[in-house]
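This is structure17.cif (mmCIF, N, CA and C atoms).
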```
data_work
loop_
_atom_site.label_atom_id
_atom_site.label_comp_id
_atom_site.auth_asym_id
_atom_site.auth_seq_id
_atom_site.Cartn_x
_atom_site.Cartn_y
_atom_site.Cartn_z
N MET A 1 0.84 -1.17 0.00
CA MET A 1 0.00 0.00 0.00
C MET A 1 0.89 1.25 0.00
N ASP A 2 0.54 2.18 -0.85
CA ASP A 2 1.33 3.41 -0.95
C ASP A 2 1.05 4.31 0.24
N ARG A 3 2.11 5.07 0.58
CA ARG A 3 1.95 6.04 1.68
C ARG A 3 1.11 7.21 1.21
N ILE A 4 0.34 7.72 2.10
CA ILE A 4 -0.49 8.88 1.77
C ILE A 4 0.39 10.12 1.78
N ARG A 5 0.29 10.89 0.71
CA ARG A 5 1.06 12.13 0.62
C ARG A 5 0.08 13.29 0.80
N ASP A 6 0.26 14.01 1.88
CA ASP A 6 -0.56 15.21 2.04
C ASP A 6 0.36 16.42 2.18
N ARG A 7 -0.21 17.57 2.36
CA ARG A 7 0.55 18.81 2.38
C ARG A 7 1.07 19.17 3.77
N GLY A 8 0.84 18.36 4.75
CA GLY A 8 1.32 18.63 6.10
C GLY A 8 0.65 19.86 6.70
N ASN A 9 1.45 20.71 7.28
CA ASN A 9 0.92 21.91 7.93
C ASN A 9 0.46 22.98 6.95
N ILE A 10 0.85 22.86 5.72
CA ILE A 10 0.46 23.87 4.72
C ILE A 10 -1.05 23.94 4.60
N LYS A 11 -1.73 22.83 4.73
CA LYS A 11 -3.18 22.83 4.56
C LYS A 11 -3.89 23.59 5.66
N TRP A 12 -3.22 23.79 6.81
CA TRP A 12 -3.85 24.50 7.92
C TRP A 12 -3.53 25.99 7.88
N ALA A 13 -2.61 26.43 7.06
CA ALA A 13 -2.20 27.83 7.03
C ALA A 13 -3.33 28.75 6.60
N GLY A 14 -4.24 28.29 5.78
CA GLY A 14 -5.33 29.12 5.30
C GLY A 14 -6.41 29.39 6.32
N LEU A 15 -6.37 28.73 7.47
CA LEU A 15 -7.41 28.91 8.47
C LEU A 15 -7.20 30.14 9.35
N MET A 16 -6.05 30.78 9.26
CA MET A 16 -5.79 31.97 10.06
C MET A 16 -6.35 33.19 9.32
N LEU A 17 -7.41 33.74 9.85
CA LEU A 17 -8.00 34.94 9.25
C LEU A 17 -7.12 36.15 9.55
N PRO A 18 -7.12 37.13 8.69
CA PRO A 18 -6.30 38.32 8.94
C PRO A 18 -6.63 38.99 10.28
N GLU A 19 -7.90 38.95 10.66
CA GLU A 19 -8.30 39.54 11.95
C GLU A 19 -7.66 38.79 13.11
N HIS A 20 -7.53 37.48 12.98
CA HIS A 20 -6.90 36.69 14.04
C HIS A 20 -5.41 37.01 14.14
N VAL A 21 -4.76 37.15 12.99
CA VAL A 21 -3.34 37.47 12.97
C VAL A 21 -3.09 38.82 13.62
N ILE A 22 -3.93 39.81 13.31
CA ILE A 22 -3.78 41.15 13.90
C ILE A 22 -4.00 41.07 15.41
N ALA A 23 -5.02 40.34 15.83
CA ALA A 23 -5.29 40.22 17.27
C ALA A 23 -4.15 39.52 17.99
N LEU A 24 -3.55 38.50 17.38
CA LEU A 24 -2.41 37.82 18.01
C LEU A 24 -1.20 38.74 18.11
N ARG A 25 -0.97 39.56 17.10
CA ARG A 25 0.15 40.51 17.16
C ARG A 25 -0.05 41.55 18.24
N LYS A 26 -1.27 42.08 18.36
CA LYS A 26 -1.56 43.05 19.42
C LYS A 26 -1.39 42.43 20.79
N HIS A 27 -1.81 41.19 20.93
CA HIS A 27 -1.67 40.49 22.21
C HIS A 27 -0.19 40.32 22.56
N ALA A 28 0.62 39.97 21.59
CA ALA A 28 2.06 39.81 21.83
C ALA A 28 2.71 41.14 22.21
N GLU A 29 2.28 42.23 21.57
CA GLU A 29 2.80 43.55 21.91
C GLU A 29 2.43 43.94 23.34
N MET A 30 1.22 43.64 23.74
CA MET A 30 0.78 43.99 25.09
C MET A 30 1.50 43.16 26.16
N GLU A 31 1.85 41.93 25.84
CA GLU A 31 2.59 41.10 26.79
C GLU A 31 4.00 41.64 27.01
N ASN A 32 4.62 42.22 25.98
CA ASN A 32 5.98 42.73 26.06
C ASN A 32 6.03 44.21 26.43
N TYR A 33 4.90 44.85 26.70
CA TYR A 33 4.83 46.27 27.00
C TYR A 33 5.48 46.55 28.36
N ILE A 34 6.32 47.58 28.41
CA ILE A 34 6.97 47.99 29.64
C ILE A 34 6.46 49.38 30.01
N GLU A 35 6.00 49.53 31.24
CA GLU A 35 5.53 50.83 31.70
C GLU A 35 6.69 51.81 31.78
N ARG A 36 6.41 53.07 31.52
CA ARG A 36 7.45 54.10 31.62
C ARG A 36 7.84 54.26 33.09
N PRO A 37 9.14 54.16 33.38
CA PRO A 37 9.58 54.30 34.76
C PRO A 37 9.40 55.74 35.24
N TYR A 38 9.03 55.88 36.50
CA TYR A 38 8.88 57.20 37.09
C TYR A 38 10.25 57.68 37.55
N LEU A 39 10.63 58.88 37.15
CA LEU A 39 11.90 59.47 37.53
C LEU A 39 11.63 60.70 38.39
N ASP A 40 12.19 60.71 39.60
CA ASP A 40 12.03 61.89 40.44
C ASP A 40 13.08 62.93 40.07
N ASP A 41 13.06 64.07 40.76
CA ASP A 41 13.96 65.17 40.42
C ASP A 41 15.42 64.80 40.58
N TRP A 42 15.75 63.98 41.57
CA TRP A 42 17.14 63.58 41.81
C TRP A 42 17.66 62.73 40.66
N GLU A 43 16.84 61.81 40.20
CA GLU A 43 17.25 60.94 39.09
C GLU A 43 17.39 61.74 37.78
N LEU A 44 16.48 62.68 37.55
CA LEU A 44 16.58 63.51 36.35
C LEU A 44 17.84 64.37 36.39
N GLU A 45 18.18 64.90 37.57
CA GLU A 45 19.39 65.70 37.69
C GLU A 45 20.64 64.85 37.48
N ALA A 46 20.63 63.61 37.98
CA ALA A 46 21.77 62.71 37.78
C ALA A 46 21.95 62.37 36.30
N ILE A 47 20.84 62.16 35.58
CA ILE A 47 20.91 61.89 34.14
C ILE A 47 21.49 63.11 33.41
N GLN A 48 21.02 64.30 33.78
CA GLN A 48 21.52 65.52 33.15
C GLN A 48 23.02 65.69 33.39
N MET A 49 23.47 65.41 34.61
CA MET A 49 24.90 65.55 34.92
C MET A 49 25.74 64.56 34.12
N GLU A 50 25.28 63.31 34.00
CA GLU A 50 26.01 62.30 33.24
C GLU A 50 26.13 62.72 31.77
N ILE A 51 25.06 63.25 31.22
CA ILE A 51 25.07 63.68 29.82
C ILE A 51 26.02 64.86 29.63
N GLU A 52 25.98 65.82 30.54
CA GLU A 52 26.86 66.98 30.42
C GLU A 52 28.32 66.60 30.57
N ILE A 53 28.63 65.71 31.51
CA ILE A 53 30.01 65.26 31.71
C ILE A 53 30.52 64.54 30.46
N ALA A 54 29.69 63.66 29.90
CA ALA A 54 30.10 62.92 28.70
C ALA A 54 30.30 63.87 27.53
N TYR A 55 29.45 64.88 27.40
CA TYR A 55 29.57 65.83 26.29
C TYR A 55 30.84 66.67 26.42
N LYS A 56 31.09 67.19 27.63
CA LYS A 56 32.24 68.07 27.82
C LYS A 56 33.58 67.32 27.77
N SER A 57 33.58 66.07 28.23
CA SER A 57 34.83 65.31 28.25
C SER A 57 35.05 64.48 26.98
N GLY A 58 34.02 64.35 26.16
CA GLY A 58 34.13 63.55 24.94
C GLY A 58 34.14 62.06 25.22
N SER A 59 33.61 61.67 26.37
CA SER A 59 33.57 60.25 26.75
C SER A 59 32.41 59.53 26.07
N ASN A 60 32.50 58.22 26.02
CA ASN A 60 31.40 57.41 25.54
C ASN A 60 30.34 57.32 26.62
N ILE A 61 29.09 57.22 26.19
CA ILE A 61 27.98 57.16 27.11
C ILE A 61 26.98 56.11 26.64
N SER A 62 26.29 55.52 27.58
CA SER A 62 25.21 54.59 27.29
C SER A 62 23.92 55.26 27.73
N VAL A 63 23.01 55.48 26.78
CA VAL A 63 21.74 56.15 27.06
C VAL A 63 20.61 55.19 26.75
N SER A 64 19.66 55.07 27.68
CA SER A 64 18.47 54.24 27.47
C SER A 64 17.27 55.16 27.36
N THR A 65 16.42 54.87 26.38
CA THR A 65 15.21 55.66 26.19
C THR A 65 13.99 54.76 26.27
N TRP A 66 12.85 55.34 26.65
CA TRP A 66 11.58 54.63 26.66
C TRP A 66 10.72 55.23 25.56
N CYS A 67 10.21 54.36 24.68
CA CYS A 67 9.35 54.82 23.60
C CYS A 67 8.33 53.74 23.28
N LYS A 68 7.08 54.06 23.45
CA LYS A 68 5.96 53.17 23.10
C LYS A 68 6.08 51.79 23.76
N GLY A 69 6.44 51.77 25.02
CA GLY A 69 6.48 50.51 25.75
C GLY A 69 7.74 49.70 25.58
N ARG A 70 8.76 50.26 24.94
CA ARG A 70 10.02 49.56 24.74
C ARG A 70 11.17 50.41 25.25
N ILE A 71 12.21 49.75 25.74
CA ILE A 71 13.42 50.45 26.16
C ILE A 71 14.48 50.21 25.10
N ASN A 72 15.02 51.33 24.56
CA ASN A 72 15.99 51.27 23.48
C ASN A 72 17.33 51.79 23.97
N PRO A 73 18.41 51.00 23.82
CA PRO A 73 19.74 51.47 24.25
C PRO A 73 20.49 52.15 23.10
N TYR A 74 21.26 53.16 23.44
CA TYR A 74 22.14 53.86 22.50
C TYR A 74 23.50 53.99 23.15
N ASN A 75 24.56 53.74 22.40
CA ASN A 75 25.92 53.87 22.90
C ASN A 75 26.72 54.72 21.93
N GLY A 76 27.61 55.56 22.48
CA GLY A 76 28.48 56.35 21.62
C GLY A 76 28.88 57.65 22.29
N LYS A 77 29.41 58.56 21.47
CA LYS A 77 29.83 59.88 21.95
C LYS A 77 28.76 60.91 21.60
N ILE A 78 28.57 61.84 22.50
CA ILE A 78 27.60 62.91 22.26
C ILE A 78 28.24 63.96 21.35
N LEU A 79 27.61 64.18 20.21
CA LEU A 79 28.11 65.17 19.26
C LEU A 79 27.58 66.56 19.56
N LYS A 80 26.30 66.62 19.93
CA LYS A 80 25.65 67.91 20.09
C LYS A 80 24.49 67.80 21.06
N LEU A 81 24.33 68.82 21.89
CA LEU A 81 23.15 68.98 22.74
C LEU A 81 22.35 70.15 22.19
N ASP A 82 21.20 69.87 21.63
CA ASP A 82 20.37 70.91 21.02
C ASP A 82 19.29 71.31 22.03
N HIS A 83 19.51 72.43 22.71
CA HIS A 83 18.56 72.89 23.72
C HIS A 83 17.29 73.46 23.11
N ARG A 84 17.40 73.94 21.89
CA ARG A 84 16.23 74.52 21.23
C ARG A 84 15.22 73.43 20.87
N LEU A 85 15.71 72.31 20.32
CA LEU A 85 14.82 71.21 19.92
C LEU A 85 14.74 70.11 20.96
N ASN A 86 15.49 70.24 22.06
CA ASN A 86 15.55 69.22 23.12
C ASN A 86 15.95 67.85 22.56
N LEU A 87 17.06 67.83 21.82
CA LEU A 87 17.57 66.60 21.23
C LEU A 87 19.02 66.40 21.62
N ILE A 88 19.41 65.13 21.70
CA ILE A 88 20.80 64.75 21.91
C ILE A 88 21.25 64.01 20.66
N SER A 89 22.36 64.45 20.07
CA SER A 89 22.92 63.76 18.91
C SER A 89 24.06 62.87 19.38
N ILE A 90 23.95 61.57 19.13
CA ILE A 90 24.95 60.60 19.56
C ILE A 90 25.56 59.94 18.33
N GLU A 91 26.89 59.91 18.29
CA GLU A 91 27.60 59.22 17.23
C GLU A 91 27.84 57.79 17.70
N GLY A 92 27.11 56.85 17.11
CA GLY A 92 27.22 55.46 17.51
C GLY A 92 27.88 54.62 16.43
N PRO A 93 27.96 53.32 16.64
CA PRO A 93 28.60 52.44 15.67
C PRO A 93 27.83 52.32 14.35
N PHE A 94 26.53 52.65 14.36
CA PHE A 94 25.71 52.51 13.16
C PHE A 94 25.31 53.86 12.58
N GLY A 95 26.02 54.92 12.97
CA GLY A 95 25.71 56.25 12.47
C GLY A 95 25.23 57.16 13.58
N ASP A 96 24.83 58.36 13.20
CA ASP A 96 24.37 59.34 14.17
C ASP A 96 22.90 59.11 14.51
N GLU A 97 22.59 59.26 15.79
CA GLU A 97 21.22 59.11 16.28
C GLU A 97 20.81 60.41 16.94
N ARG A 98 19.57 60.82 16.73
CA ARG A 98 19.02 61.99 17.41
C ARG A 98 17.96 61.50 18.38
N ILE A 99 18.19 61.77 19.66
CA ILE A 99 17.34 61.24 20.72
C ILE A 99 16.61 62.39 21.41
N PRO A 100 15.28 62.32 21.55
CA PRO A 100 14.57 63.34 22.32
C PRO A 100 14.93 63.24 23.80
N VAL A 101 15.19 64.38 24.42
CA VAL A 101 15.57 64.40 25.83
C VAL A 101 14.44 63.86 26.71
N ALA A 102 13.20 64.09 26.33
CA ALA A 102 12.07 63.65 27.14
C ALA A 102 11.97 62.13 27.22
N ASP A 103 12.57 61.41 26.27
CA ASP A 103 12.49 59.94 26.27
C ASP A 103 13.59 59.28 27.08
N VAL A 104 14.61 60.03 27.49
CA VAL A 104 15.76 59.45 28.20
C VAL A 104 15.34 59.03 29.61
N ILE A 105 15.63 57.77 29.96
CA ILE A 105 15.32 57.27 31.30
C ILE A 105 16.57 56.86 32.07
N ARG A 106 17.71 56.77 31.38
CA ARG A 106 18.95 56.37 32.04
C ARG A 106 20.14 56.80 31.20
N ALA A 107 21.20 57.23 31.88
CA ALA A 107 22.44 57.60 31.20
C ALA A 107 23.62 57.19 32.08
N ASP A 108 24.56 56.47 31.51
CA ASP A 108 25.73 56.00 32.24
C ASP A 108 26.98 56.23 31.41
N LEU A 109 28.01 56.80 32.04
CA LEU A 109 29.29 56.94 31.37
C LEU A 109 29.90 55.57 31.17
N MET A 110 30.52 55.37 30.02
CA MET A 110 31.17 54.09 29.73
C MET A 110 32.66 54.27 29.85
N GLU A 111 33.29 53.40 30.61
CA GLU A 111 34.75 53.48 30.78
C GLU A 111 35.39 52.28 30.08
N TYR A 112 36.40 52.56 29.31
CA TYR A 112 37.11 51.49 28.60
C TYR A 112 38.47 51.32 29.18
#
```
Turn the structure described in the file into structure tokens.
Amino acid sequence: MDRIRDRGNIKWAGLMLPEHVIALRKHAEMENYIERPYLDDWELEAIQMEIEIAYKSGSNISVSTWCKGRINPYNGKILKLDHRLNLISIEGPFGDERIPVADVIRADLMEY
């Protein structure tokens, strides 16, 4: 008797409706969502001091930002502090990044 040849899992792929796929993606995003950390005045002042020290000394810095439920790390040297637009320009390994100051939740000097 010959073996039955079927399409395996391919035959089940058509059962996922687009609405189900969207709902599953939203559910996965909500599971990985991180609340924005609360920073008091002391922590904000410490972040500002770290950024200013790194800028004036030309040291490398590690900056973490919170955006839409995710924490994004940036590493490199600060090229420019734009007080008018409230942006920090960081020269990193993948090019220059412009970071809004309001999104910064952590800043640490990097020592090599």
Written as a CSV table (one decimal) with N, CA and C atoms, in the coordinates of the input, what is the full residue list that the PyMOL selection byres ((chain A and resi 95-111) around 6.5) yields on the file shown?
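To be explicit, this is the file written out as result-v1.csv:
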```
chain,number,residue,atom,x,y,z
A,47,ILE,N,20.8,62.2,35.6
A,47,ILE,CA,20.9,61.9,34.1
A,47,ILE,C,21.5,63.1,33.4
A,50,GLU,N,25.3,63.3,34.0
A,50,GLU,CA,26.0,62.3,33.2
A,50,GLU,C,26.1,62.7,31.8
A,51,ILE,N,25.1,63.2,31.2
A,51,ILE,CA,25.1,63.7,29.8
A,51,ILE,C,26.0,64.9,29.6
A,59,SER,N,33.6,61.7,26.4
A,59,SER,CA,33.6,60.2,26.8
A,59,SER,C,32.4,59.5,26.1
A,60,ASN,N,32.5,58.2,26.0
A,60,ASN,CA,31.4,57.4,25.5
A,60,ASN,C,30.3,57.3,26.6
A,61,ILE,N,29.1,57.2,26.2
A,61,ILE,CA,28.0,57.2,27.1
A,61,ILE,C,27.0,56.1,26.6
A,62,SER,N,26.3,55.5,27.6
A,62,SER,CA,25.2,54.6,27.3
A,62,SER,C,23.9,55.3,27.7
A,63,VAL,N,23.0,55.5,26.8
A,63,VAL,CA,21.7,56.2,27.1
A,63,VAL,C,20.6,55.2,26.8
A,64,SER,N,19.7,55.1,27.7
A,64,SER,CA,18.5,54.2,27.5
A,64,SER,C,17.3,55.2,27.4
A,65,THR,N,16.4,54.9,26.4
A,65,THR,CA,15.2,55.7,26.2
A,65,THR,C,14.0,54.8,26.3
A,66,TRP,N,12.8,55.3,26.6
A,66,TRP,CA,11.6,54.6,26.7
A,66,TRP,C,10.7,55.2,25.6
A,67,CYS,N,10.2,54.4,24.7
A,67,CYS,CA,9.4,54.8,23.6
A,67,CYS,C,8.3,53.7,23.3
A,86,ASN,N,15.5,70.2,22.1
A,86,ASN,CA,15.6,69.2,23.1
A,86,ASN,C,16.0,67.8,22.6
A,87,LEU,N,17.1,67.8,21.8
A,87,LEU,CA,17.6,66.6,21.2
A,87,LEU,C,19.0,66.4,21.6
A,88,ILE,N,19.4,65.1,21.7
A,88,ILE,CA,20.8,64.8,21.9
A,88,ILE,C,21.2,64.0,20.7
A,89,SER,N,22.4,64.4,20.1
A,89,SER,CA,22.9,63.8,18.9
A,89,SER,C,24.1,62.9,19.4
A,90,ILE,N,24.0,61.6,19.1
A,90,ILE,CA,25.0,60.6,19.6
A,90,ILE,C,25.6,59.9,18.3
A,91,GLU,N,26.9,59.9,18.3
A,91,GLU,CA,27.6,59.2,17.2
A,91,GLU,C,27.8,57.8,17.7
A,92,GLY,N,27.1,56.8,17.1
A,92,GLY,CA,27.2,55.5,17.5
A,92,GLY,C,27.9,54.6,16.4
A,93,PRO,N,28.0,53.3,16.6
A,93,PRO,CA,28.6,52.4,15.7
A,93,PRO,C,27.8,52.3,14.4
A,94,PHE,N,26.5,52.6,14.4
A,94,PHE,CA,25.7,52.5,13.2
A,94,PHE,C,25.3,53.9,12.6
A,112,TYR,N,36.4,52.6,29.3
A,112,TYR,CA,37.1,51.5,28.6
A,112,TYR,C,38.5,51.3,29.2
```
If you apply the PyMOL selection byres (((chain A and resi 33 and name CA) around 12) and name CA) to this file, what residues do you get, as a PyMOL selection string? chain A and resi 26-32+34-36+66-71
Between atom N of His83 in chain A and CA of Met49 in chain A, what is the spacing in Å? 15.0 Å
A straight line from atom N of Leu81 in chain A to CA of Ser57 in chain A spans 12.8 Å
Among the residues of range 3-72 of chain A, find those DSSP assigns to helix (DSSP H, G or I) from the backbone and print them as a PyMOL selection string. chain A and resi 8-15+18-31+41-57
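In the backbone-derived DSSP annotation, strand (DSSP E or B) within range 35-92 of chain A comprises Asn60, Ile61, Ser62, Val63, Ser64, Thr65, Trp66, Cys67, Arg70, Ile71, Asn72, Pro73, Tyr74, Asn75, Gly76, Lys77, Ile78, Leu79, Lys80, Leu81, Asp82, Leu87, Ile88, Ser89, Ile90, Glu91 and Gly92 of chain A.
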note - atom C of Ala23 in chain A and CA of Asn72 in chain A are separated by 24.0 Å
Range 95-106 of chain A rebuilt with all heavy atoms, output as a PDB file, keeping the file's coordinate frame:
```
ATOM      1  N   GLY A  95      26.020  54.920  12.970  1.00  0.00           N
ATOM      2  CA  GLY A  95      25.710  56.250  12.470  1.00  0.00           C
ATOM      3  C   GLY A  95      25.230  57.160  13.580  1.00  0.00           C
ATOM      4  O   GLY A  95      25.192  56.795  14.748  1.00  0.00           O
ATOM      5  N   ASP A  96      24.830  58.360  13.200  1.00  0.00           N
ATOM      6  CA  ASP A  96      24.370  59.340  14.170  1.00  0.00           C
ATOM      7  C   ASP A  96      22.900  59.110  14.510  1.00  0.00           C
ATOM      8  O   ASP A  96      22.091  58.822  13.632  1.00  0.00           O
ATOM      9  CB  ASP A  96      24.547  60.761  13.624  1.00  0.00           C
ATOM     10  CG  ASP A  96      26.017  61.105  13.393  1.00  0.00           C
ATOM     11  OD1 ASP A  96      26.877  60.354  13.879  1.00  0.00           O
ATOM     12  OD2 ASP A  96      26.284  62.117  12.725  1.00  0.00           O
ATOM     13  N   GLU A  97      22.590  59.260  15.790  1.00  0.00           N
ATOM     14  CA  GLU A  97      21.220  59.110  16.280  1.00  0.00           C
ATOM     15  C   GLU A  97      20.810  60.410  16.940  1.00  0.00           C
ATOM     16  O   GLU A  97      21.589  61.027  17.658  1.00  0.00           O
ATOM     17  CB  GLU A  97      21.122  57.973  17.302  1.00  0.00           C
ATOM     18  CG  GLU A  97      21.495  56.613  16.786  1.00  0.00           C
ATOM     19  CD  GLU A  97      20.394  55.977  15.989  1.00  0.00           C
ATOM     20  OE1 GLU A  97      19.237  56.427  16.081  1.00  0.00           O
ATOM     21  OE2 GLU A  97      20.695  55.021  15.276  1.00  0.00           O
ATOM     22  N   ARG A  98      19.570  60.820  16.730  1.00  0.00           N
ATOM     23  CA  ARG A  98      19.020  61.990  17.410  1.00  0.00           C
ATOM     24  C   ARG A  98      17.960  61.500  18.380  1.00  0.00           C
ATOM     25  O   ARG A  98      16.973  60.895  17.979  1.00  0.00           O
ATOM     26  CB  ARG A  98      18.439  62.956  16.388  1.00  0.00           C
ATOM     27  CG  ARG A  98      19.521  63.517  15.463  1.00  0.00           C
ATOM     28  CD  ARG A  98      18.963  64.400  14.408  1.00  0.00           C
ATOM     29  NE  ARG A  98      18.456  65.621  15.027  1.00  0.00           N
ATOM     30  CZ  ARG A  98      17.705  66.503  14.390  1.00  0.00           C
ATOM     31  NH1 ARG A  98      17.376  66.296  13.139  1.00  0.00           N
ATOM     32  NH2 ARG A  98      17.285  67.585  15.000  1.00  0.00           N
ATOM     33  N   ILE A  99      18.190  61.770  19.660  1.00  0.00           N
ATOM     34  CA  ILE A  99      17.340  61.240  20.720  1.00  0.00           C
ATOM     35  C   ILE A  99      16.610  62.390  21.410  1.00  0.00           C
ATOM     36  O   ILE A  99      17.256  63.349  21.855  1.00  0.00           O
ATOM     37  CB  ILE A  99      18.182  60.481  21.758  1.00  0.00           C
ATOM     38  CG1 ILE A  99      18.968  59.371  21.091  1.00  0.00           C
ATOM     39  CG2 ILE A  99      17.316  59.944  22.867  1.00  0.00           C
ATOM     40  CD1 ILE A  99      20.019  58.761  21.983  1.00  0.00           C
ATOM     41  N   PRO A 100      15.280  62.320  21.550  1.00  0.00           N
ATOM     42  CA  PRO A 100      14.570  63.340  22.320  1.00  0.00           C
ATOM     43  C   PRO A 100      14.930  63.240  23.800  1.00  0.00           C
ATOM     44  O   PRO A 100      14.958  62.148  24.377  1.00  0.00           O
ATOM     45  CB  PRO A 100      13.093  63.012  22.098  1.00  0.00           C
ATOM     46  CG  PRO A 100      13.060  62.093  20.933  1.00  0.00           C
ATOM     47  CD  PRO A 100      14.369  61.402  20.881  1.00  0.00           C
ATOM     48  N   VAL A 101      15.190  64.380  24.420  1.00  0.00           N
ATOM     49  CA  VAL A 101      15.570  64.400  25.830  1.00  0.00           C
ATOM     50  C   VAL A 101      14.440  63.860  26.710  1.00  0.00           C
ATOM     51  O   VAL A 101      14.695  63.189  27.707  1.00  0.00           O
ATOM     52  CB  VAL A 101      15.948  65.843  26.249  1.00  0.00           C
ATOM     53  CG1 VAL A 101      16.204  65.932  27.741  1.00  0.00           C
ATOM     54  CG2 VAL A 101      17.159  66.308  25.477  1.00  0.00           C
ATOM     55  N   ALA A 102      13.200  64.090  26.330  1.00  0.00           N
ATOM     56  CA  ALA A 102      12.070  63.650  27.140  1.00  0.00           C
ATOM     57  C   ALA A 102      11.970  62.130  27.220  1.00  0.00           C
ATOM     58  O   ALA A 102      11.375  61.595  28.162  1.00  0.00           O
ATOM     59  CB  ALA A 102      10.773  64.222  26.569  1.00  0.00           C
ATOM     60  N   ASP A 103      12.570  61.410  26.270  1.00  0.00           N
ATOM     61  CA  ASP A 103      12.490  59.940  26.270  1.00  0.00           C
ATOM     62  C   ASP A 103      13.590  59.280  27.080  1.00  0.00           C
ATOM     63  O   ASP A 103      13.536  58.074  27.323  1.00  0.00           O
ATOM     64  CB  ASP A 103      12.547  59.418  24.830  1.00  0.00           C
ATOM     65  CG  ASP A 103      11.311  59.770  24.029  1.00  0.00           C
ATOM     66  OD1 ASP A 103      10.303  60.186  24.628  1.00  0.00           O
ATOM     67  OD2 ASP A 103      11.355  59.632  22.793  1.00  0.00           O
ATOM     68  N   VAL A 104      14.610  60.030  27.490  1.00  0.00           N
ATOM     69  CA  VAL A 104      15.760  59.450  28.200  1.00  0.00           C
ATOM     70  C   VAL A 104      15.340  59.030  29.610  1.00  0.00           C
ATOM     71  O   VAL A 104      14.747  59.810  30.353  1.00  0.00           O
ATOM     72  CB  VAL A 104      16.933  60.445  28.264  1.00  0.00           C
ATOM     73  CG1 VAL A 104      18.068  59.881  29.098  1.00  0.00           C
ATOM     74  CG2 VAL A 104      17.412  60.783  26.872  1.00  0.00           C
ATOM     75  N   ILE A 105      15.630  57.770  29.960  1.00  0.00           N
ATOM     76  CA  ILE A 105      15.320  57.270  31.300  1.00  0.00           C
ATOM     77  C   ILE A 105      16.570  56.860  32.070  1.00  0.00           C
ATOM     78  O   ILE A 105      16.505  56.635  33.278  1.00  0.00           O
ATOM     79  CB  ILE A 105      14.328  56.090  31.249  1.00  0.00           C
ATOM     80  CG1 ILE A 105      14.899  54.942  30.435  1.00  0.00           C
ATOM     81  CG2 ILE A 105      12.983  56.549  30.742  1.00  0.00           C
ATOM     82  CD1 ILE A 105      14.108  53.665  30.550  1.00  0.00           C
ATOM     83  N   ARG A 106      17.710  56.770  31.380  1.00  0.00           N
ATOM     84  CA  ARG A 106      18.950  56.370  32.040  1.00  0.00           C
ATOM     85  C   ARG A 106      20.140  56.800  31.200  1.00  0.00           C
ATOM     86  O   ARG A 106      20.098  56.725  29.974  1.00  0.00           O
ATOM     87  CB  ARG A 106      18.974  54.864  32.248  1.00  0.00           C
ATOM     88  CG  ARG A 106      20.161  54.387  33.031  1.00  0.00           C
ATOM     89  CD  ARG A 106      20.124  52.888  33.229  1.00  0.00           C
ATOM     90  NE  ARG A 106      21.310  52.498  33.922  1.00  0.00           N
ATOM     91  CZ  ARG A 106      21.307  51.862  35.079  1.00  0.00           C
ATOM     92  NH1 ARG A 106      20.191  51.530  35.640  1.00  0.00           N
ATOM     93  NH2 ARG A 106      22.432  51.561  35.655  1.00  0.00           N
TER      94      ARG A 106
END
```
